[in-house]
file structure.csv (CSV, C-alpha atoms)
chain,number,residue,atom,x,y,z
A,1,MET,CA,112.0,48.9,56.0
A,2,ASP,CA,114.3,46.5,54.1
A,3,MET,CA,114.2,45.8,50.4
A,4,LYS,CA,112.4,42.5,50.9
A,5,GLN,CA,109.4,44.2,52.6
A,6,ILE,CA,109.3,46.8,49.9
A,7,TRP,CA,109.1,44.3,47.1
A,8,GLU,CA,106.4,42.3,49.0
A,9,GLU,CA,104.2,45.4,49.3
A,10,ILE,CA,104.7,46.3,45.6
A,11,GLY,CA,103.6,42.8,44.7
A,12,LEU,CA,100.5,43.0,46.9
A,13,ALA,CA,99.5,46.3,45.4
A,14,LEU,CA,99.9,44.9,41.9
A,15,ILE,CA,97.7,41.9,42.8
A,16,LEU,CA,95.0,44.1,44.3
A,17,GLY,CA,95.1,46.4,41.4
A,18,LEU,CA,94.5,43.6,39.0
A,19,VAL,CA,92.0,41.5,41.0
A,20,LEU,CA,89.7,44.0,42.8
A,21,PRO,CA,88.5,45.7,39.6
A,22,GLY,CA,87.5,42.3,38.2
A,23,ILE,CA,85.6,41.5,41.4
A,24,VAL,CA,83.8,44.8,41.2
A,25,LEU,CA,83.0,44.3,37.5
A,26,GLN,CA,81.7,40.8,38.1
A,27,SER,CA,79.6,41.9,41.0
A,28,ALA,CA,78.0,44.7,38.9
A,29,VAL,CA,77.3,42.1,36.1
A,30,TRP,CA,75.8,39.7,38.6
A,31,PHE,CA,73.5,42.3,40.2
A,32,SER,CA,72.4,43.6,36.8
A,33,GLN,CA,71.5,40.2,35.6
A,34,ARG,CA,69.5,39.4,38.7
A,35,GLY,CA,67.9,42.8,38.9
A,36,ALA,CA,68.3,45.4,41.6
A,37,VAL,CA,66.2,44.9,44.7
A,38,PRO,CA,62.9,46.8,44.0
A,39,GLU,CA,62.1,49.7,46.3
A,40,ASP,CA,58.9,48.0,47.4
A,41,ARG,CA,60.8,45.0,48.6
A,42,GLN,CA,63.6,46.8,50.5
A,43,ASP,CA,61.5,46.4,53.7
A,44,GLU,CA,59.6,43.1,53.6
A,45,THR,CA,57.9,44.0,56.9
A,46,GLU,CA,56.1,47.0,55.3
A,47,VAL,CA,52.4,46.7,55.2
A,48,ARG,CA,51.2,47.0,51.6
A,49,GLU,CA,48.1,49.0,50.6
A,50,PRO,CA,45.2,47.1,49.0
A,51,GLU,CA,45.2,47.0,45.3
A,52,HIS,CA,41.7,48.6,45.1
A,53,GLU,CA,40.9,52.0,46.4
A,54,ARG,CA,39.1,52.2,49.8
A,55,THR,CA,35.4,52.9,49.4
A,56,GLU,CA,33.7,54.5,52.3
A,57,ILE,CA,30.1,54.6,53.4
A,58,LYS,CA,28.4,56.6,56.2
A,59,VAL,CA,26.3,54.5,58.5
A,60,LEU,CA,23.7,55.8,61.1
A,61,MET,CA,24.3,53.7,64.2
A,62,GLU,CA,21.7,52.6,66.7
A,63,ASP,CA,22.9,55.3,69.2
A,64,GLY,CA,22.4,58.1,66.7
A,65,THR,CA,26.0,58.6,65.8
A,66,VAL,CA,27.3,58.4,62.2
A,67,ALA,CA,30.2,56.0,61.5
A,68,VAL,CA,32.3,56.2,58.4
A,69,MET,CA,33.2,52.6,57.5
A,70,ASP,CA,35.0,50.8,54.7
A,71,LEU,CA,32.3,49.4,52.4
A,72,GLU,CA,33.5,45.8,52.5
A,73,GLU,CA,33.8,45.8,56.3
A,74,TYR,CA,30.3,47.1,56.4
A,75,ILE,CA,29.0,44.4,54.0
A,76,THR,CA,30.6,41.7,56.3
A,77,GLY,CA,28.7,43.2,59.2
A,78,VAL,CA,25.4,43.3,57.3
A,79,VAL,CA,25.7,39.6,56.3
A,80,LEU,CA,26.6,38.8,59.9
A,81,ALA,CA,23.3,40.3,61.0
A,82,GLU,CA,21.1,39.4,58.1
A,83,MET,CA,21.8,35.8,57.2
A,84,PRO,CA,22.5,32.7,59.3
A,85,ALA,CA,26.1,31.6,59.1
A,86,SER,CA,24.9,28.0,58.7
A,87,PHE,CA,23.7,28.9,55.2
A,88,GLU,CA,25.7,27.7,52.2
A,89,PRO,CA,28.7,29.8,51.0
A,90,GLU,CA,27.0,30.6,47.7
A,91,ALA,CA,24.0,31.9,49.4
A,92,LEU,CA,26.2,34.1,51.6
A,93,LYS,CA,27.9,35.4,48.5
A,94,ALA,CA,24.6,36.3,47.0
A,95,GLN,CA,23.6,38.1,50.1
A,96,SER,CA,26.9,40.0,50.1
A,97,VAL,CA,26.2,41.3,46.5
A,98,VAL,CA,22.7,42.2,47.3
A,99,ALA,CA,23.7,44.1,50.5
A,100,ARG,CA,26.4,45.9,48.6
A,101,THR,CA,24.1,46.9,45.8
A,102,TYR,CA,21.5,48.2,48.3
A,103,ALA,CA,24.1,50.2,50.2
A,104,LEU,CA,25.7,51.8,47.1
A,105,ARG,CA,22.3,52.7,45.6
A,106,ALA,CA,21.5,54.4,48.9
A,107,ARG,CA,24.9,56.2,49.0
A,108,ASN,CA,24.4,57.4,45.4
A,109,GLY,CA,21.3,59.4,46.1
A,110,LYS,CA,18.6,57.0,47.2
A,111,SER,CA,19.1,57.3,51.0
A,112,LYS,CA,16.3,57.6,53.5
A,113,HIS,CA,18.6,59.6,55.7
A,114,GLU,CA,20.1,63.1,55.4
A,115,GLU,CA,23.2,62.4,57.5
A,116,ALA,CA,24.1,58.9,56.3
A,117,ALA,CA,23.6,56.5,53.4
A,118,VAL,CA,22.1,53.7,55.5
A,119,CYS,CA,21.1,52.9,59.1
A,120,THR,CA,21.5,49.7,61.1
A,121,GLU,CA,17.7,49.1,61.5
A,122,SER,CA,16.5,46.2,59.4
A,123,SER,CA,13.0,47.5,59.1
A,124,CYS,CA,14.4,50.7,57.5
A,125,CYS,CA,17.6,49.8,55.7
A,126,GLN,CA,19.8,46.8,56.6
A,127,ALA,CA,20.8,45.3,59.9
A,128,TYR,CA,24.5,45.5,60.9
A,129,ARG,CA,26.6,43.6,63.5
A,130,SER,CA,30.2,44.4,64.1
A,131,PRO,CA,32.6,41.4,64.3
A,132,ASP,CA,33.2,42.1,68.0
A,133,ALA,CA,29.5,42.1,68.8
A,134,TYR,CA,29.0,39.0,66.7
A,135,LEU,CA,31.8,37.1,68.6
A,136,GLN,CA,30.7,38.4,72.0
A,137,SER,CA,27.1,37.3,71.3
A,138,GLY,CA,28.2,33.7,70.8
A,139,GLY,CA,29.2,33.7,67.2
A,140,THR,CA,32.3,31.6,66.4
A,141,ARG,CA,35.5,32.7,64.7
A,142,GLU,CA,35.0,30.0,62.1
A,143,ASN,CA,31.6,31.3,61.2
A,144,TYR,CA,32.8,34.9,61.1
A,145,GLU,CA,35.6,33.9,58.7
A,146,LYS,CA,33.1,32.0,56.6
A,147,ILE,CA,30.9,35.1,56.2
A,148,SER,CA,33.9,37.4,55.8
A,149,ASP,CA,35.2,35.2,53.0
A,150,ALA,CA,31.9,35.4,51.2
A,151,ALA,CA,32.0,39.2,51.4
A,152,VAL,CA,35.6,39.5,50.4
A,153,SER,CA,35.3,37.0,47.5
A,154,THR,CA,32.6,39.2,45.9
A,155,ALA,CA,34.2,42.6,46.7
A,156,GLY,CA,33.0,45.3,44.4
A,157,TYR,CA,30.3,43.2,42.6
A,158,VAL,CA,26.9,44.7,42.3
A,159,LEU,CA,23.7,44.2,40.3
A,160,LEU,CA,22.7,46.5,37.5
A,161,TYR,CA,19.7,46.9,35.3
A,162,GLU,CA,20.2,49.0,32.2
A,163,GLY,CA,23.4,50.3,33.7
A,164,GLU,CA,21.8,51.5,37.0
A,165,LEU,CA,22.2,50.0,40.5
A,166,ILE,CA,19.0,48.0,41.2
A,167,GLU,CA,16.7,48.3,44.2
A,168,ALA,CA,18.1,45.2,45.8
A,169,THR,CA,15.3,44.1,48.1
A,170,TYR,CA,15.4,40.8,50.0
A,171,PHE,CA,13.5,39.0,52.8
A,172,SER,CA,13.6,35.9,54.9
A,173,CYS,CA,11.2,33.3,53.3
A,174,SER,CA,8.7,33.4,50.4
A,175,GLY,CA,6.6,30.4,51.3
A,176,GLY,CA,7.1,29.1,47.7
A,177,SER,CA,6.9,32.2,45.5
A,178,THR,CA,8.2,35.7,45.6
A,179,GLU,CA,5.9,38.7,44.9
A,180,ASP,CA,5.6,41.4,42.2
A,181,ALA,CA,6.9,44.8,43.5
A,182,VAL,CA,3.7,46.4,42.2
A,183,ALA,CA,1.6,44.1,44.4
A,184,VAL,CA,3.3,45.4,47.5
A,185,TRP,CA,4.5,48.9,46.7
A,186,GLY,CA,2.2,49.9,43.8
A,187,THR,CA,5.1,50.4,41.4
A,188,GLU,CA,6.1,48.0,38.7
A,189,VAL,CA,9.8,47.1,38.7
A,190,PRO,CA,10.9,45.0,35.7
A,191,TYR,CA,13.4,42.9,37.7
A,192,LEU,CA,11.2,42.4,40.8
A,193,VAL,CA,8.6,40.0,39.6
A,194,ALA,CA,6.9,36.9,41.1
A,195,THR,CA,9.3,34.0,40.9
A,196,ARG,CA,9.0,30.4,42.1
A,197,SER,CA,11.2,29.7,45.2
A,198,PRO,CA,11.1,26.0,46.0
A,199,GLY,CA,12.9,24.2,48.8
A,200,GLU,CA,12.0,26.5,51.6
A,201,GLU,CA,9.9,24.1,53.6
A,202,GLY,CA,12.5,23.9,56.4
A,203,ALA,CA,12.4,27.6,57.1
A,204,ALA,CA,11.2,28.6,60.6
A,205,HIS,CA,8.3,30.7,59.2
A,206,PHE,CA,7.5,28.8,56.0
A,207,ALA,CA,3.9,28.6,57.4
A,208,ASP,CA,2.4,30.2,60.5
A,209,THR,CA,-1.1,30.3,61.9
A,210,VAL,CA,-2.4,33.2,64.1
A,211,SER,CA,-5.7,32.9,65.9
A,212,PHE,CA,-8.1,35.8,66.6
A,213,THR,CA,-11.2,36.1,68.7
A,214,PRO,CA,-14.1,37.8,66.8
A,215,SER,CA,-13.7,40.9,68.9
A,216,GLU,CA,-9.9,41.1,68.4
A,217,PHE,CA,-10.4,40.6,64.6
A,218,LEU,CA,-13.0,43.3,64.3
A,219,ALA,CA,-11.1,45.8,66.5
A,220,ALA,CA,-7.9,45.3,64.5
A,221,LEU,CA,-9.8,46.1,61.2
A,222,SER,CA,-11.9,48.9,62.8
A,223,LEU,CA,-15.1,47.1,62.0
A,224,ASP,CA,-18.5,46.9,63.7
A,225,THR,CA,-21.0,44.4,62.4
A,226,LYS,CA,-24.0,42.3,63.4
A,227,LEU,CA,-23.4,39.8,60.6
A,228,GLU,CA,-22.7,36.2,61.6
A,229,MET,CA,-19.0,35.2,61.3
A,230,LYS,CA,-19.6,33.0,58.3
A,231,ALA,CA,-20.9,36.0,56.4
A,232,TRP,CA,-17.9,38.2,57.2
A,233,PHE,CA,-15.7,37.1,54.3
A,234,GLY,CA,-16.6,38.0,50.8
A,235,PRO,CA,-14.8,37.8,47.4
A,236,VAL,CA,-11.0,37.6,47.3
A,237,THR,CA,-8.5,38.1,44.5
A,238,TYR,CA,-4.8,37.1,44.5
A,239,THR,CA,-1.6,38.4,43.2
A,240,ALA,CA,0.8,36.7,40.8
A,241,GLY,CA,2.9,35.6,43.9
A,242,GLY,CA,0.0,34.1,45.7
A,243,GLY,CA,-0.7,37.0,48.1
A,244,ILE,CA,-4.1,38.6,48.7
A,245,ALA,CA,-4.6,41.4,46.2
A,246,GLU,CA,-8.0,42.4,47.6
A,247,ILE,CA,-10.6,40.9,49.9
A,248,GLU,CA,-14.0,42.0,51.2
A,249,ILE,CA,-14.5,41.7,54.9
A,250,CYS,CA,-17.8,42.7,56.4
A,251,GLY,CA,-18.6,44.7,53.3
A,252,LYS,CA,-15.3,46.7,53.3
A,253,GLN,CA,-12.4,46.2,50.9
A,254,TYR,CA,-8.8,45.5,52.1
A,255,THR,CA,-5.6,44.9,50.3
A,256,GLY,CA,-3.2,42.2,51.4
A,257,THR,CA,-0.6,44.7,52.6
A,258,GLU,CA,-3.2,46.5,54.7
A,259,LEU,CA,-4.2,43.2,56.3
A,260,ARG,CA,-0.6,42.3,57.0
A,261,SER,CA,-0.1,45.6,58.8
A,262,LEU,CA,-3.4,45.8,60.7
A,263,LEU,CA,-3.3,42.1,61.8
A,264,GLY,CA,0.4,41.8,62.4
A,265,LEU,CA,0.8,39.0,59.9
A,266,ARG,CA,4.1,37.6,58.6
A,267,SER,CA,3.1,38.0,55.0
A,268,THR,CA,0.3,38.8,52.6
A,269,ALA,CA,0.0,35.2,51.4
A,270,VAL,CA,-2.8,34.5,53.9
A,271,THR,CA,-5.9,32.3,54.1
A,272,PHE,CA,-8.7,32.8,56.6
A,273,THR,CA,-10.7,30.0,58.0
A,274,LEU,CA,-13.3,29.8,60.8
A,275,ASP,CA,-12.6,27.4,63.7
A,276,GLY,CA,-15.5,27.5,66.2
A,277,ASP,CA,-15.5,30.9,67.8
A,278,SER,CA,-12.1,32.0,66.3
A,279,ILE,CA,-10.6,33.2,63.0
A,280,GLN,CA,-7.5,31.4,61.9
A,281,ALA,CA,-5.1,33.3,59.7
A,282,ARG,CA,-2.6,30.9,58.0
A,283,THR,CA,0.3,32.6,56.3
A,284,ARG,CA,3.1,31.4,54.0
A,285,GLY,CA,6.4,33.1,54.1
A,286,PHE,CA,7.9,35.8,56.1
A,287,GLY,CA,8.5,39.4,54.9
A,288,HIS,CA,7.3,41.5,52.0
A,289,ARG,CA,8.4,38.7,49.6
A,290,VAL,CA,9.8,41.0,46.9
A,291,GLY,CA,13.3,40.2,45.6
A,292,MET,CA,15.6,37.5,46.9
A,293,SER,CA,14.3,35.0,49.4
A,294,GLN,CA,17.2,34.2,51.8
A,295,TYR,CA,15.9,30.7,52.5
A,296,GLY,CA,15.3,30.2,48.8
A,297,ALA,CA,18.8,31.3,48.0
A,298,ASP,CA,20.1,28.7,50.5
A,299,ALA,CA,17.9,26.0,49.0
A,300,MET,CA,19.3,26.8,45.5
A,301,ALA,CA,22.9,26.7,46.8
A,302,LEU,CA,22.3,23.3,48.4
A,303,GLN,CA,21.2,22.1,45.0
A,304,GLY,CA,24.5,23.3,43.5
A,305,SER,CA,23.6,26.7,42.1
A,306,SER,CA,26.3,29.4,42.1
A,307,TYR,CA,25.7,32.8,43.6
A,308,GLU,CA,25.5,34.2,40.1
A,309,GLU,CA,22.7,31.8,39.2
A,310,ILE,CA,20.9,32.6,42.5
A,311,LEU,CA,21.0,36.4,41.7
A,312,ALA,CA,19.9,35.9,38.1
A,313,HIS,CA,16.9,33.8,39.3
A,314,TYR,CA,15.6,36.4,41.8
A,315,TYR,CA,16.4,39.6,39.9
A,316,ARG,CA,15.2,39.0,36.3
A,317,GLY,CA,17.2,40.7,33.6
A,318,THR,CA,19.9,42.1,35.8
A,319,THR,CA,23.7,41.9,35.2
A,320,LEU,CA,26.4,41.2,37.7
A,321,GLU,CA,29.3,43.7,37.3
A,322,LYS,CA,32.3,44.8,39.3
A,323,LEU,CA,32.5,48.5,40.0
A,324,THR,CA,35.8,50.3,40.6
A,325,ASP,CA,34.1,52.5,43.2
call {"tool": "encode", "arguments": {"input": "structure.csv", "output": "structure tokens"}}
result
Amino acid sequence: MDMKQIWEEIGLALILGLVLPGIVLQSAVWFSQRGAVPEDRQDETEVREPEHERTEIKVLMEDGTVAVMDLEEYITGVVLAEMPASFEPEALKAQSVVARTYALRARNGKSKHEEAAVCTESSCCQAYRSPDAYLQSGGTRENYEKISDAAVSTAGYVLLYEGELIEATYFSCSGGSTEDAVAVWGTEVPYLVATRSPGEEGAAHFADTVSFTPSEFLAALSLDTKLEMKAWFGPVTYTAGGGIAEIEICGKQYTGTELRSLLGLRSTAVTFTLDGDSIQARTRGFGHRVGMSQYGADAMALQGSSYEEILAHYYRGTTLEKLTD
């Protein structure tokens, strides 16, 4: 190596010795000012956990097995099964809160089942339909997302009365008024009282008429009489919600709930009339009529009511709160 090359290498070393430390220092300052890359952003493809803890619920399925579901996924399935997707979003939100309240109350010690909190039978607990079953039965992706959005947007919210989860009963249609709990189940519940429910006239079962022959009517009520039909019906009293409280038929007393069961009527709000050789039973509403009317909730939503207002209307004196679990 000649002297020229030696001096060139010495010069390069001096330059690197002066410049590189500055670059390193500047880089350190730059990164410190912008902040180091957080650990949770080092892999942007990583799936993040939800901000809230997963709440699970045991559900007794139709085939007898018990499924452990995420609560919010279960609520979506309940609304898919219990309320038409054509209903207004605020009505769907109200249904989501009611279904969640019912499920959590059952899970917290009020279940009808030993092995699960709830079952999928609507006559016992709440109906349930999985998203796959909903779509395979003709439901659209758009309607599924509409219902899912209603459930997700109210996630965690429940109804309380004096700090306790309420008995969140609901039904299809009231026929104009809901009913007192005491009139149906014999127990007074302060937040389940007769309430006006206008705007339901478009419901499929707002009013129905069932016709009975005299022999059918007497057999259903286990009666045997020689009285003329016009003398069969005696005094009748009504409940605050317009249902039959008690009626005398052929000298025997019946409650409205007994008549509904024995005659297979849609509600206890029934009026009997004679039409030639038949008895006409005209009912208003569909269901036990205690709590929230689903068609009434939709009518309120169409008039601009929020889901909070709907719930406050049907469950008097309750509060809407978000639970952490």
call {"tool": "atom_distance", "arguments": {"input": "structure.csv", "atom1": "CA of Thr271 in chain A", "atom2": "CA of Asp208 in chain A"}}
result
10.7 Å
call {"tool": "residues_around", "arguments": {"input": "structure.csv", "residues": "Ile75 in chain A", "least_positions_apart": "2", "cutoff": "10 Å", "atoms": "all atoms listed in the file", "output": "list of chain:residue names"}}
result
A:Met69, A:Asp70, A:Leu71, A:Glu72, A:Glu73, A:Gly77, A:Val78, A:Val79, A:Leu80, A:Ala81, A:Gln95, A:Ser96, A:Val97, A:Val98, A:Ala99, A:Arg100, A:Thr101, A:Ala103, A:Gln126, A:Tyr128, A:Arg129, A:Ile147, A:Ser148, A:Ala150, A:Ala151, A:Val152, A:Ala155
call {"tool": "closest_residue", "arguments": {"input": "structure.csv", "among": "A:Leu165, A:Thr268, A:Ser222, A:Phe233", "to": "Lys110 in chain A", "atoms": "all atoms listed in the file"}}
result
A:Leu165
call {"tool": "residues_around", "arguments": {"input": "structure.csv", "residues": "Cys119 in chain A", "least_positions_apart": "5", "cutoff": "6 Å", "atoms": "all atoms listed in the file", "output": "mmCIF file with C-alpha atoms, in the coordinates of the input"}}
result
data_model
loop_
_atom_site.group_PDB
_atom_site.id
_atom_site.type_symbol
_atom_site.label_atom_id
_atom_site.label_comp_id
_atom_site.auth_asym_id
_atom_site.auth_seq_id
_atom_site.Cartn_x
_atom_site.Cartn_y
_atom_site.Cartn_z
ATOM 1 C CA VAL A 59 26.300 54.500 58.500
ATOM 2 C CA LEU A 60 23.700 55.800 61.100
ATOM 3 C CA CYS A 125 17.600 49.800 55.700
#
call {"tool": "atom_distance", "arguments": {"input": "structure.csv", "atom1": "CA of Gln303 in chain A", "atom2": "CA of Ser172 in chain A"}}
result
18.6 Å
call {"tool": "atom_distance", "arguments": {"input": "structure.csv", "atom1": "CA of Thr225 in chain A", "atom2": "CA of Tyr238 in chain A"}}
result
25.2 Å
call {"tool": "closest_residue", "arguments": {"input": "structure.csv", "among": "A:Thr273, A:Thr140, A:Ser267, A:Thr169", "to": "Tyr102 in chain A", "atoms": "all atoms listed in the file"}}
result
A:Thr169
call {"tool": "closest_residue", "arguments": {"input": "structure.csv", "among": "A:Val290, A:Ala240, A:Val210, A:Cys250", "to": "Leu263 in chain A", "atoms": "only C-alpha atoms"}}
result
A:Val210
call {"tool": "residues_around", "arguments": {"input": "structure.csv", "residues": "Val68 in chain A", "least_positions_apart": "2", "cutoff": "9 Å", "atoms": "only C-alpha atoms", "output": "list in words"}}
result
Glu56, Ile57, Lys58, Val59, Val66, Asp70 and Ala116 of chain A
call {"tool": "closest_residue", "arguments": {"input": "structure.csv", "among": "A:Glu115, A:Glu248, A:Glu309, A:Glu90", "to": "Ser153 in chain A", "atoms": "only C-alpha atoms"}}
result
A:Glu90
call {"tool": "residues_around", "arguments": {"input": "structure.csv", "residues": "Val193 in chain A", "least_positions_apart": "5", "cutoff": "10 Å", "atoms": "only C-alpha atoms", "output": "list in words"}}
result
Ser177, Thr178, Glu179, Asp180, Ala181, Val182, Ala183, Glu188, Ala240, Gly241, Val290, Gly291, Tyr314, Tyr315 and Arg316 of chain A
call {"tool": "closest_residue", "arguments": {"input": "structure.csv", "among": "A:Asp63, A:Glu200, A:Glu121, A:Glu114", "to": "Gly296 in chain A", "atoms": "all atoms listed in the file"}}
result
A:Glu200
call {"tool": "residues_around", "arguments": {"input": "structure.csv", "residues": "Gly156 in chain A", "least_positions_apart": "4", "cutoff": "7 Å", "atoms": "all atoms listed in the file", "output": "ChimeraX atom specification"}}
result
/A:322-324
call {"tool": "closest_residue", "arguments": {"input": "structure.csv", "among": "A:Met83, A:Leu311, A:Leu302, A:Ala269", "to": "Ala168 in chain A", "atoms": "all atoms listed in the file"}}
result
A:Leu311
call {"tool": "residues_near_point", "arguments": {"input": "structure.csv", "point": "(14.6, 34.8, 49.8)", "cutoff": "6 Å", "atoms": "only C-alpha atoms", "output": "list of chain:residue names"}}
result
A:Phe171, A:Ser172, A:Cys173, A:Met292, A:Ser293, A:Gln294, A:Tyr295, A:Gly296, A:Ala297
